[in-house]
Structure formats: structure tokens, C-alpha cells
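Student: Supplied structure: upload.cif, mmCIF, C-alpha atoms and all ligand atoms.
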```cif
data_run
#
loop_
_atom_site.label_atom_id
_atom_site.label_comp_id
_atom_site.auth_asym_id
_atom_site.auth_seq_id
_atom_site.Cartn_x
_atom_site.Cartn_y
_atom_site.Cartn_z
CA MET A 1 -41.15 35.00 -3.60
CA ILE A 2 -40.54 36.27 -7.12
CA LYS A 3 -42.72 39.18 -8.06
CA ALA A 4 -42.89 40.71 -11.54
CA THR A 5 -45.01 43.83 -11.81
CA SER A 6 -45.83 45.35 -15.21
CA LEU A 7 -42.45 44.14 -16.44
CA VAL A 8 -41.35 45.51 -19.82
CA LYS A 9 -38.35 44.53 -21.93
CA CYS A 10 -37.65 46.02 -25.35
CA PHE A 11 -34.99 45.28 -27.94
CA GLY A 12 -34.72 48.43 -30.03
CA ASP A 13 -38.27 49.29 -30.97
CA PHE A 14 -39.45 45.70 -30.48
CA THR A 15 -41.27 44.98 -27.22
CA ALA A 16 -40.48 41.43 -26.11
CA LEU A 17 -42.27 41.66 -22.76
CA SER A 18 -45.15 44.03 -22.29
CA ALA A 19 -46.45 44.60 -18.78
CA LEU A 20 -45.84 41.09 -17.51
CA THR A 21 -47.21 40.58 -14.01
CA THR A 22 -46.93 37.40 -11.97
CA GLU A 23 -45.96 35.96 -8.59
CA ILE A 24 -44.01 32.76 -8.16
CA HIS A 25 -43.94 31.27 -4.68
CA LYS A 26 -40.95 29.85 -2.85
CA GLY A 27 -40.67 26.09 -3.13
CA SER A 28 -42.77 25.77 -6.25
CA ILE A 29 -41.92 24.32 -9.64
CA TYR A 30 -43.34 26.83 -12.05
CA GLY A 31 -43.69 25.83 -15.69
CA LEU A 32 -43.60 28.66 -18.18
CA VAL A 33 -45.15 27.59 -21.46
CA GLY A 34 -45.27 29.57 -24.66
CA SER A 35 -44.66 29.32 -28.37
CA ASN A 36 -41.33 30.28 -29.99
CA GLY A 37 -40.57 33.95 -29.45
CA SER A 38 -43.24 34.46 -26.78
CA GLY A 39 -40.65 35.85 -24.37
CA LYS A 40 -39.77 32.90 -22.09
CA SER A 41 -35.97 33.28 -22.25
CA THR A 42 -36.26 37.06 -21.95
CA PHE A 43 -38.32 36.67 -18.79
CA LEU A 44 -35.81 34.20 -17.31
CA ARG A 45 -32.95 36.58 -18.09
CA LEU A 46 -34.78 39.34 -16.27
CA ILE A 47 -35.33 37.06 -13.27
CA ALA A 48 -31.65 36.08 -13.36
CA GLY A 49 -30.70 39.76 -13.31
CA VAL A 50 -28.95 39.52 -16.68
CA TYR A 51 -31.22 42.12 -18.31
CA MET A 52 -32.31 45.39 -16.85
CA PRO A 53 -36.08 45.96 -17.16
CA ASP A 54 -37.19 48.82 -19.42
CA GLY A 55 -40.28 49.25 -17.30
CA GLY A 56 -41.96 47.75 -14.26
CA THR A 57 -40.15 45.76 -11.58
CA ILE A 58 -38.81 42.29 -10.95
CA GLU A 59 -38.09 41.49 -7.32
CA ILE A 60 -37.06 38.46 -5.31
CA ASP A 61 -38.03 38.60 -1.65
CA GLY A 62 -38.73 42.30 -2.04
CA GLN A 63 -35.34 43.21 -3.60
CA PRO A 64 -34.78 44.27 -7.23
CA VAL A 65 -32.69 41.60 -8.97
CA PHE A 66 -30.69 43.53 -11.58
CA GLU A 67 -26.99 43.51 -10.62
CA ASN A 68 -27.89 42.29 -7.14
CA THR A 69 -24.91 40.09 -6.20
CA GLN A 70 -26.62 38.65 -3.13
CA ILE A 71 -29.51 37.38 -5.23
CA LYS A 72 -27.22 36.20 -8.02
CA ASP A 73 -25.34 34.02 -5.53
CA LYS A 74 -28.61 32.24 -4.88
CA THR A 75 -29.77 31.95 -8.48
CA PHE A 76 -28.52 29.42 -11.04
CA PHE A 77 -29.52 29.85 -14.66
CA VAL A 78 -29.34 26.95 -17.12
CA ALA A 79 -29.74 28.93 -20.34
CA ASP A 80 -30.89 27.45 -23.63
CA ASP A 81 -27.47 28.24 -25.12
CA LEU A 82 -25.29 26.48 -22.56
CA TYR A 83 -21.95 27.95 -21.55
CA PHE A 84 -18.90 25.91 -20.55
CA LEU A 85 -15.31 27.11 -20.21
CA PRO A 86 -13.32 26.29 -23.36
CA GLN A 87 -11.77 22.78 -23.31
CA SER A 88 -13.24 22.13 -19.85
CA ASN A 89 -14.48 18.88 -18.37
CA MET A 90 -17.12 18.60 -15.64
CA ASN A 91 -14.55 18.62 -12.84
CA ASP A 92 -13.18 21.94 -14.20
CA MET A 93 -16.71 23.35 -14.33
CA ALA A 94 -17.38 22.15 -10.78
CA LYS A 95 -14.28 24.07 -9.62
CA PHE A 96 -15.47 27.10 -11.56
CA TYR A 97 -18.93 27.07 -9.97
CA LYS A 98 -17.45 26.40 -6.53
CA SER A 99 -15.58 29.70 -6.93
CA ILE A 100 -18.84 31.48 -7.82
CA TYR A 101 -21.47 29.93 -5.57
CA SER A 102 -20.87 30.00 -1.84
CA THR A 103 -23.36 27.14 -1.47
CA PHE A 104 -21.67 24.80 -3.99
CA SER A 105 -21.44 21.31 -2.47
CA GLU A 106 -18.59 19.04 -3.58
CA GLU A 107 -20.30 16.17 -1.86
CA LYS A 108 -23.47 16.72 -3.84
CA TYR A 109 -21.46 17.10 -7.05
CA ALA A 110 -19.71 13.76 -6.40
CA LYS A 111 -23.07 12.10 -5.72
CA LEU A 112 -24.63 13.54 -8.88
CA CYS A 113 -21.68 12.22 -10.90
CA THR A 114 -22.65 8.71 -9.79
CA ILE A 115 -26.29 9.24 -10.83
CA PHE A 116 -25.72 10.62 -14.33
CA PRO A 117 -23.91 8.45 -16.89
CA LEU A 118 -21.26 11.08 -17.72
CA ASP A 119 -17.48 10.92 -17.48
CA PRO A 120 -16.45 13.96 -15.39
CA ARG A 121 -12.95 13.90 -16.93
CA LYS A 122 -14.10 13.92 -20.53
CA LYS A 123 -14.14 17.25 -22.37
CA ILE A 124 -17.64 18.68 -22.38
CA ASN A 125 -17.31 19.82 -26.00
CA THR A 126 -17.30 16.11 -26.97
CA PHE A 127 -20.64 15.56 -25.18
CA SER A 128 -23.92 15.22 -27.09
CA LYS A 129 -26.58 17.94 -26.75
CA GLY A 130 -28.47 15.93 -24.11
CA MET A 131 -25.24 15.15 -22.21
CA LYS A 132 -24.34 18.85 -22.14
CA ARG A 133 -27.78 19.58 -20.68
CA GLN A 134 -27.20 16.92 -18.03
CA ALA A 135 -23.81 18.46 -17.19
CA ALA A 136 -25.43 21.89 -16.80
CA ILE A 137 -28.19 20.46 -14.58
CA ILE A 138 -25.55 18.73 -12.40
CA MET A 139 -23.78 22.09 -11.95
CA GLY A 140 -27.08 23.75 -11.12
CA LEU A 141 -28.04 21.18 -8.49
CA ALA A 142 -24.53 21.01 -6.95
CA SER A 143 -24.50 24.81 -6.61
CA GLN A 144 -27.56 24.48 -4.34
CA PRO A 145 -29.24 27.71 -5.40
CA ASP A 146 -32.45 29.01 -3.88
CA LEU A 147 -33.72 29.57 -7.40
CA LEU A 148 -32.99 27.30 -10.35
CA LEU A 149 -33.93 28.64 -13.78
CA LEU A 150 -34.13 26.00 -16.48
CA ASP A 151 -34.58 27.23 -20.04
CA GLU A 152 -35.84 24.34 -22.18
CA ALA A 153 -33.70 22.13 -19.97
CA PHE A 154 -35.58 18.96 -20.79
CA ASP A 155 -34.93 19.33 -24.50
CA GLY A 156 -32.95 16.36 -25.68
CA LEU A 157 -33.10 14.40 -22.43
CA ASP A 158 -34.06 10.75 -22.72
CA PRO A 159 -36.98 9.48 -20.59
CA ILE A 160 -34.76 7.80 -17.97
CA ILE A 161 -32.65 10.90 -17.37
CA ARG A 162 -35.78 13.02 -17.41
CA GLY A 163 -37.26 10.86 -14.66
CA ALA A 164 -34.02 11.12 -12.66
CA VAL A 165 -33.94 14.90 -13.00
CA ARG A 166 -37.57 15.15 -11.99
CA LYS A 167 -36.89 13.14 -8.83
CA LEU A 168 -33.76 15.14 -8.01
CA LEU A 169 -35.67 18.40 -8.38
CA SER A 170 -38.52 17.30 -6.15
CA ASP A 171 -36.10 15.92 -3.50
CA GLU A 172 -34.23 19.22 -3.53
CA ILE A 173 -37.44 21.23 -3.20
CA ALA A 174 -38.66 19.04 -0.36
CA SER A 175 -35.36 19.21 1.53
CA ARG A 176 -34.50 22.90 1.21
CA ASP A 177 -37.31 24.89 -0.34
CA MET A 178 -35.63 25.54 -3.69
CA THR A 179 -37.78 27.25 -6.32
CA VAL A 180 -37.60 26.08 -9.94
CA ILE A 181 -38.81 27.87 -13.05
CA ILE A 182 -38.73 25.77 -16.16
CA THR A 183 -39.68 26.84 -19.67
CA SER A 184 -40.98 24.78 -22.53
CA HIS A 185 -42.99 25.30 -25.67
CA ASN A 186 -44.71 22.04 -24.93
CA LEU A 187 -47.18 21.76 -22.08
CA ARG A 188 -46.92 17.96 -22.17
CA GLU A 189 -43.22 18.26 -21.22
CA LEU A 190 -44.20 19.98 -17.99
CA GLU A 191 -47.24 17.95 -17.05
CA ASP A 192 -45.61 15.67 -14.52
CA LEU A 193 -43.09 18.19 -13.25
CA CYS A 194 -44.69 21.43 -12.22
CA ASP A 195 -47.13 22.50 -9.56
CA HIS A 196 -47.93 25.80 -11.28
CA VAL A 197 -48.13 26.59 -14.98
CA GLY A 198 -48.21 29.98 -16.67
CA LEU A 199 -48.86 30.58 -20.33
CA LEU A 200 -46.81 33.33 -21.92
CA HIS A 201 -48.11 34.86 -25.11
CA LYS A 202 -46.67 37.87 -26.90
CA GLY A 203 -44.77 38.96 -23.81
CA GLU A 204 -47.61 38.67 -21.31
CA ILE A 205 -48.76 35.98 -18.92
CA MET A 206 -52.18 35.20 -20.33
CA PHE A 207 -53.19 32.52 -17.98
CA GLU A 208 -51.74 30.79 -14.92
CA ARG A 209 -52.99 28.14 -12.58
CA GLU A 210 -52.03 25.74 -9.86
CA ILE A 211 -52.03 22.30 -11.44
CA ASP A 212 -53.87 20.47 -8.66
CA GLU A 213 -56.57 23.10 -8.71
CA LEU A 214 -56.79 22.80 -12.49
CA LYS A 215 -57.09 19.05 -12.49
CA LEU A 216 -59.59 18.98 -9.65
CA GLY A 217 -61.80 21.48 -11.38
CA PHE A 218 -62.66 19.32 -14.38
CA CYS A 219 -63.37 15.73 -15.22
CA LYS A 220 -63.91 13.73 -18.35
CA VAL A 221 -66.65 11.09 -18.15
CA HIS A 222 -67.68 8.35 -20.58
CA ALA A 223 -71.16 6.85 -20.28
CA ALA A 224 -73.53 4.60 -22.26
CA PHE A 225 -77.29 4.98 -22.51
CA ASN A 226 -79.89 2.75 -24.09
CA PRO A 227 -82.14 4.42 -25.04
CA MET A 228 -80.13 7.61 -25.51
CA ILE A 229 -81.27 10.70 -23.63
CA PRO A 230 -81.27 14.08 -25.44
CA LEU A 231 -77.99 15.83 -24.58
CA GLU A 232 -79.92 18.97 -23.63
CA GLU A 233 -81.12 17.06 -20.59
CA PHE A 234 -77.58 16.91 -19.14
CA LYS A 235 -76.86 20.53 -19.94
CA LYS A 236 -79.63 21.55 -17.54
CA ASP A 237 -78.02 19.77 -14.58
CA LEU A 238 -74.27 19.78 -15.25
CA SER A 239 -71.73 22.47 -16.02
CA ILE A 240 -70.67 20.94 -19.32
CA MET A 241 -67.60 22.24 -21.16
CA GLN A 242 -67.84 19.78 -24.00
CA ILE A 243 -70.20 16.94 -24.90
CA SER A 244 -70.48 14.56 -27.82
CA ALA A 245 -72.41 11.39 -28.55
CA THR A 246 -71.61 8.46 -30.83
CA GLY A 247 -74.39 5.87 -30.98
CA SER A 248 -75.23 5.05 -27.37
CA LEU A 249 -71.93 6.43 -26.00
CA ILE A 250 -71.54 9.89 -24.50
CA ASN A 251 -68.25 11.66 -23.78
CA MET A 252 -68.29 14.80 -21.73
CA VAL A 253 -65.92 17.22 -20.05
CA VAL A 254 -67.63 18.66 -17.00
CA ARG A 255 -66.77 21.10 -14.29
CA GLY A 256 -66.96 18.98 -11.15
CA ILE A 257 -65.86 15.73 -9.52
CA SER A 258 -65.88 12.62 -11.67
CA SER A 259 -67.45 10.30 -9.04
CA GLU A 260 -70.34 12.72 -8.53
CA VAL A 261 -70.89 13.16 -12.27
CA SER A 262 -70.80 9.38 -12.81
CA GLU A 263 -73.30 8.89 -9.98
CA TYR A 264 -75.61 11.47 -11.54
CA LEU A 265 -75.39 9.72 -14.93
CA LEU A 266 -76.14 6.32 -13.37
CA GLU A 267 -79.19 7.83 -11.67
CA LYS A 268 -80.28 9.09 -15.09
CA GLY A 269 -80.19 5.47 -16.29
CA ALA A 270 -76.67 5.11 -17.73
CA LEU A 271 -75.64 1.49 -18.34
CA PHE A 272 -72.19 2.50 -17.15
CA ALA A 273 -70.40 5.75 -16.40
CA GLU A 274 -66.72 6.19 -15.66
CA GLY A 275 -64.33 9.06 -15.20
CA VAL A 276 -61.08 9.16 -17.16
CA PRO A 277 -58.17 11.46 -16.28
CA LEU A 278 -57.73 14.64 -18.28
CA THR A 279 -54.30 15.58 -19.52
CA LEU A 280 -52.97 18.94 -18.42
CA GLU A 281 -53.28 20.12 -21.99
CA GLU A 282 -56.98 19.21 -22.13
CA VAL A 283 -57.60 21.03 -18.86
CA PHE A 284 -55.79 24.09 -20.18
CA ILE A 285 -57.80 24.06 -23.38
CA HIS A 286 -61.10 23.98 -21.50
CA GLU A 287 -60.09 26.50 -18.85
CA MET A 288 -58.90 28.91 -21.51
CA GLU A 289 -62.02 28.44 -23.58
CA ALA A 290 -64.06 29.19 -20.48
CA VAL A 291 -62.38 32.60 -20.23
CA GLY A 292 -62.66 33.27 -23.94
CA TYR A 293 -59.25 32.26 -25.38
CA ASP A 294 -58.51 29.82 -28.14
CA TYR A 295 -55.59 27.74 -26.81
CA ASN A 296 -54.76 26.26 -30.22
CA ASN A 297 -54.28 29.69 -31.74
CA ILE A 298 -52.01 30.72 -28.91
CA ILE A 299 -49.72 27.83 -28.29
CA PHE A 300 -49.16 26.63 -31.85
N1 LIG B 401 -31.10 40.15 -27.79
C1 LIG B 401 -32.18 40.33 -28.55
N2 LIG B 401 -32.24 41.25 -29.52
C2 LIG B 401 -33.34 41.45 -30.27
N3 LIG B 401 -34.48 40.74 -30.13
C3 LIG B 401 -34.50 39.80 -29.17
C4 LIG B 401 -33.36 39.55 -28.34
N4 LIG B 401 -33.68 38.54 -27.48
C5 LIG B 401 -34.96 38.20 -27.77
N5 LIG B 401 -35.45 38.95 -28.77
C6 LIG B 401 -36.80 38.86 -29.35
O1 LIG B 401 -37.72 38.85 -28.27
C7 LIG B 401 -38.77 37.90 -28.52
C8 LIG B 401 -38.81 36.92 -27.37
O2 LIG B 401 -37.64 36.11 -27.44
P1 LIG B 401 -37.36 34.97 -26.39
O3 LIG B 401 -36.03 34.37 -26.73
O4 LIG B 401 -37.56 35.49 -25.04
O5 LIG B 401 -38.52 33.94 -26.74
P2 LIG B 401 -38.76 32.44 -26.26
O6 LIG B 401 -40.18 32.36 -25.81
O7 LIG B 401 -37.71 32.05 -25.29
O8 LIG B 401 -38.60 31.65 -27.61
P3 LIG B 401 -38.06 30.14 -27.92
O9 LIG B 401 -39.12 29.19 -27.44
O10 LIG B 401 -37.98 30.15 -29.41
O11 LIG B 401 -36.74 29.98 -27.24
C9 LIG B 401 -38.46 37.28 -29.87
O12 LIG B 401 -39.24 37.95 -30.85
C10 LIG B 401 -37.00 37.56 -30.09
O13 LIG B 401 -36.69 37.72 -31.46
#
```
Now that the file is in, can you turn its structure into C-alpha cells?
Tutor:
Amino acid sequence: MIKATSLVKCFGDFTALSALTTEIHKGSIYGLVGSNGSGKSTFLRLIAGVYMPDGGTIEIDGQPVFENTQIKDKTFFVADDLYFLPQSNMNDMAKFYKSIYSTFSEEKYAKLCTIFPLDPRKKINTFSKGMKRQAAIIMGLASQPDLLLLDEAFDGLDPIIRGAVRKLLSDEIASRDMTVIITSHNLRELEDLCDHVGLLHKGEIMFEREIDELKLGFCKVHAAFNPMIPLEEFKKDLSIMQISATGSLINMVVRGISSEVSEYLLEKGALFAEGVPLTLEEVFIHEMEAVGYDYNNIIF
């Protein structure tokens, strides 16, 4: 488990992370969302043991990570500014990582080279931005770390590659309990990938949730009434986050289970009532509003 407790990181007199506290469980895919400059890369660098904390602690399985070679051997960091040896191709980089990571698997590397459409003998500096990201992800997966840190790793990946990476990550997690932390400034990017999401704002985790729990907690329901019932009527019986009416149609976001809410609306005389899935972003907006934050002012 990764445990950050009141973690502080300063650059000169600027505080990039201020008392960040969170726990990330083994085997999870944790999405770290935040606007530009919110501190995502800084947090990943602290987890990777690249930066020393200026306050608080960051521990993996109870051990501090800074300059901890044992932990570093089990952590692979795909940074936003990718590093490759000068003039190297992927085979050179595979050799390089094999010399660093005791768990590097040549077999896995060879298999990954058949999945991704990249020439392992071509110089990486001739690759496009998305191809370089793919090369870095291949190295990360072939190194078989316990912890894979992906900083904006899906930036520039096309949908097919994205789907392939998603599947590879979940297979890896299922087969050997790898933990993945992935950052993005876009919650939509993480929607279908992560099981936990944390929102970083001005160097602090403002809000974090398990995605299944988030999605189960709310539902969006459309219904039609003729004649229309005053909306106040529903507010008495349902825990409504948002409700609007256009003509005879009602749209509502409610805390609860969509089949139960639809049933209630039908009992109230709805001509039809159906639940529609909420996006992760919608759920976040409502959850954050419920605890008094304005999501749109934080993420954009
Ligand atoms: N080496 C550094 N020296 C000085 N300031 C830094 C340094 N690294 C980060 N910062 C500052 O710390 C803050 C957090 O930066 P960080 O790169 O962690 O943000 P981020 O959330 O990853 O942003 P982005 O989405 O734009 O990549 C920013 O204000 C940044 O300017």
C-alpha cells in the first residue's frame, strides 16, 4: 500500500504540495486528476522516490521511498518528459531496463513488440509523440514492476492503442497484483480505466472515491408526466441532486438506484421512466457539490 501523510513539497518559497494525505491500495488503478500545475507530476516524483519530501511522509508497504533501492527496483515511472538513451532503439532500451530491473522479462518484451505497431530496431528519436509513449509503456510493462506510475501516459495515444494499453494493464493487475497510478487533467480520459479517482487541487487531494461506489450512489432518470406534477412533490420523497422539467419531461439526478427511482415515478403516474447512465464526470460534479465544492471552478 502507498501511504502519503501530510506530504509537503516546496520549490524555493513555492509550495507545490501542501499536506497531501492519501492511501492507494495494492492492485488498484488510481487516477489522479487535476488541472495544470495542481501538483500531479510532483506527487508522482515523490512516490517514485525522485524527490525528497520537505514535510510529512511517503511510504510504500511501510517503508519510506526516498533513495530506497529496493522500492525503486519495483517501481517504474513513465514521466511526462520521456527519457530514452541518445540514438537508442527499443531493443537498446530493453537491454538498458533489463540491467536496471531484476524483474524485466525478455519474453514479455518480445510479446509486447508484437502487440504494438512499432519497429524495435528503429531509432526512438524518429518516433512520433504517441509512438514514444507506446515505447515507454512497453518498457514499463516488460519491467514487471509492482508499481507503475504513468504521468499523462494516454496523451497522444490513438483509441485502438489506448484500448490495448487498458487491456494490458488490467491483465497485468489481475495476474500479479500490480498497482497503477495514472495522471490526467481530464477525468474523461480515466473513466474507463481506473477503479479509484482522486482530485488534486493546489497541492492537496480534495476528493477521492472508488468509482463503483461513486456510480452506484447516483442515477439519472428521465420521465414523462401528463399532467405534470409539481417538482416539489418529488423533492419530498427522493434525495434529488438536480431536477429540471421541459414541458411534460422531467430529468433528475437522484441519490439512489435507478430501477427503484423509476418504479417510484411510475407509481406517481409517470407515462414512462427510465434510468440513463451517468458519466464519471457528472457523478464527480454532483458528489463534489454535495460536499460544498464547485467542480467547474476546480478542474478548469
Ligand atoms: N522543479 C520545479 N521548480 C519549481 N517549480 C516547480 C518545479 N516542479 C514543479 N513546480 C511547480 O509546482 C507546481 C506543480 O507542478 P506539477 O508539474 O506537479 O503540476 P501538474 O499537476 O503535473 O501539472 P501539468 O498537468 O501541467 O503537468 C507548479 O506550479 C509548478 O510550476
Student: Throw together the list of residues within 6 Å of ligand LIG 401 (chain B), counting all atoms listed in the file, and drop it here as a PDB file with C-alpha atoms, keeping the file's coordinate frame.
Tutor:
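Below is the file selection-v6.pdb, written as the result:
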```pdb
ATOM      1  CA  PHE A  11     -34.990  45.280 -27.940  1.00  0.00           C
ATOM      2  CA  ALA A  16     -40.480  41.430 -26.110  1.00  0.00           C
ATOM      3  CA  GLY A  34     -45.270  29.570 -24.660  1.00  0.00           C
ATOM      4  CA  SER A  35     -44.660  29.320 -28.370  1.00  0.00           C
ATOM      5  CA  ASN A  36     -41.330  30.280 -29.990  1.00  0.00           C
ATOM      6  CA  GLY A  37     -40.570  33.950 -29.450  1.00  0.00           C
ATOM      7  CA  SER A  38     -43.240  34.460 -26.780  1.00  0.00           C
ATOM      8  CA  GLY A  39     -40.650  35.850 -24.370  1.00  0.00           C
ATOM      9  CA  LYS A  40     -39.770  32.900 -22.090  1.00  0.00           C
ATOM     10  CA  SER A  41     -35.970  33.280 -22.250  1.00  0.00           C
ATOM     11  CA  THR A  42     -36.260  37.060 -21.950  1.00  0.00           C
ATOM     12  CA  HIS A 185     -42.990  25.300 -25.670  1.00  0.00           C
TER      13      HIS A 185
END
```
Student: Would you list the contacts of A:Ile137 as a list of chain:residue names, taking every protein, DNA or RNA residue within 8 Å and counting all atoms listed in the file, but skipping same-chain residues closer than 4 positions in sequence?
Tutor: A:Val78, A:Arg133, A:Leu141, A:Ala153
Student: Export, as a PDB file, keeping the file's coordinate frame, the selected residues with C-alpha atoms.
Tutor:
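File written: result-v2.pdb
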```pdb
ATOM      1  CA  VAL A  78     -29.340  26.950 -17.120  1.00  0.00           C
ATOM      2  CA  ARG A 133     -27.780  19.580 -20.680  1.00  0.00           C
ATOM      3  CA  LEU A 141     -28.040  21.180  -8.490  1.00  0.00           C
ATOM      4  CA  ALA A 153     -33.700  22.130 -19.970  1.00  0.00           C
TER       5      ALA A 153
END
```
Student: Could you tell me which of A:Lys74, A:His196, A:His222, A:Arg166 comes closest to A:Asp61 if we count all atoms listed in the file?
Tutor: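 For A:Asp61, the nearest of the candidates is A:Lys74.
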Student: Using only C-alpha atoms, find the one residue out of A:Leu7, A:Leu148, A:Leu169, A:Ala223 that sits nearest to A:Phe76.
Tutor: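 So, comparing all the options, the nearest one is A:Leu148.
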Student: With only C-alpha atoms as the atoms that count, which of A:Val180, A:Leu82, A:Leu44, A:Ile29 lies nearest to A:Lys129?
Tutor: A:Leu82
Student: Please, what distance in Å, to one decimal, runs between atom CA of A:Gly217 and atom CA of A:Asp192?
Tutor: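 A separation of 17.5 Å between them.
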Student: Need the shell around A:Ile243: protein/DNA/RNA residues with any atom at most 9 Å away, counting only C-alpha atoms. Skip same-chain ones fewer than 6 positions apart. Format as a list in words?
Tutor: Leu231, Ile250, Asn251, Met252, Val253 and Val254 of chain A
Student: Out of A:Leu147, A:Ala164, A:Leu157, A:Val261, which residue has the shortest atom-to-atom distance to A:Asp73 when counting only C-alpha atoms?
Tutor: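 For A:Asp73, the nearest of the candidates is A:Leu147.
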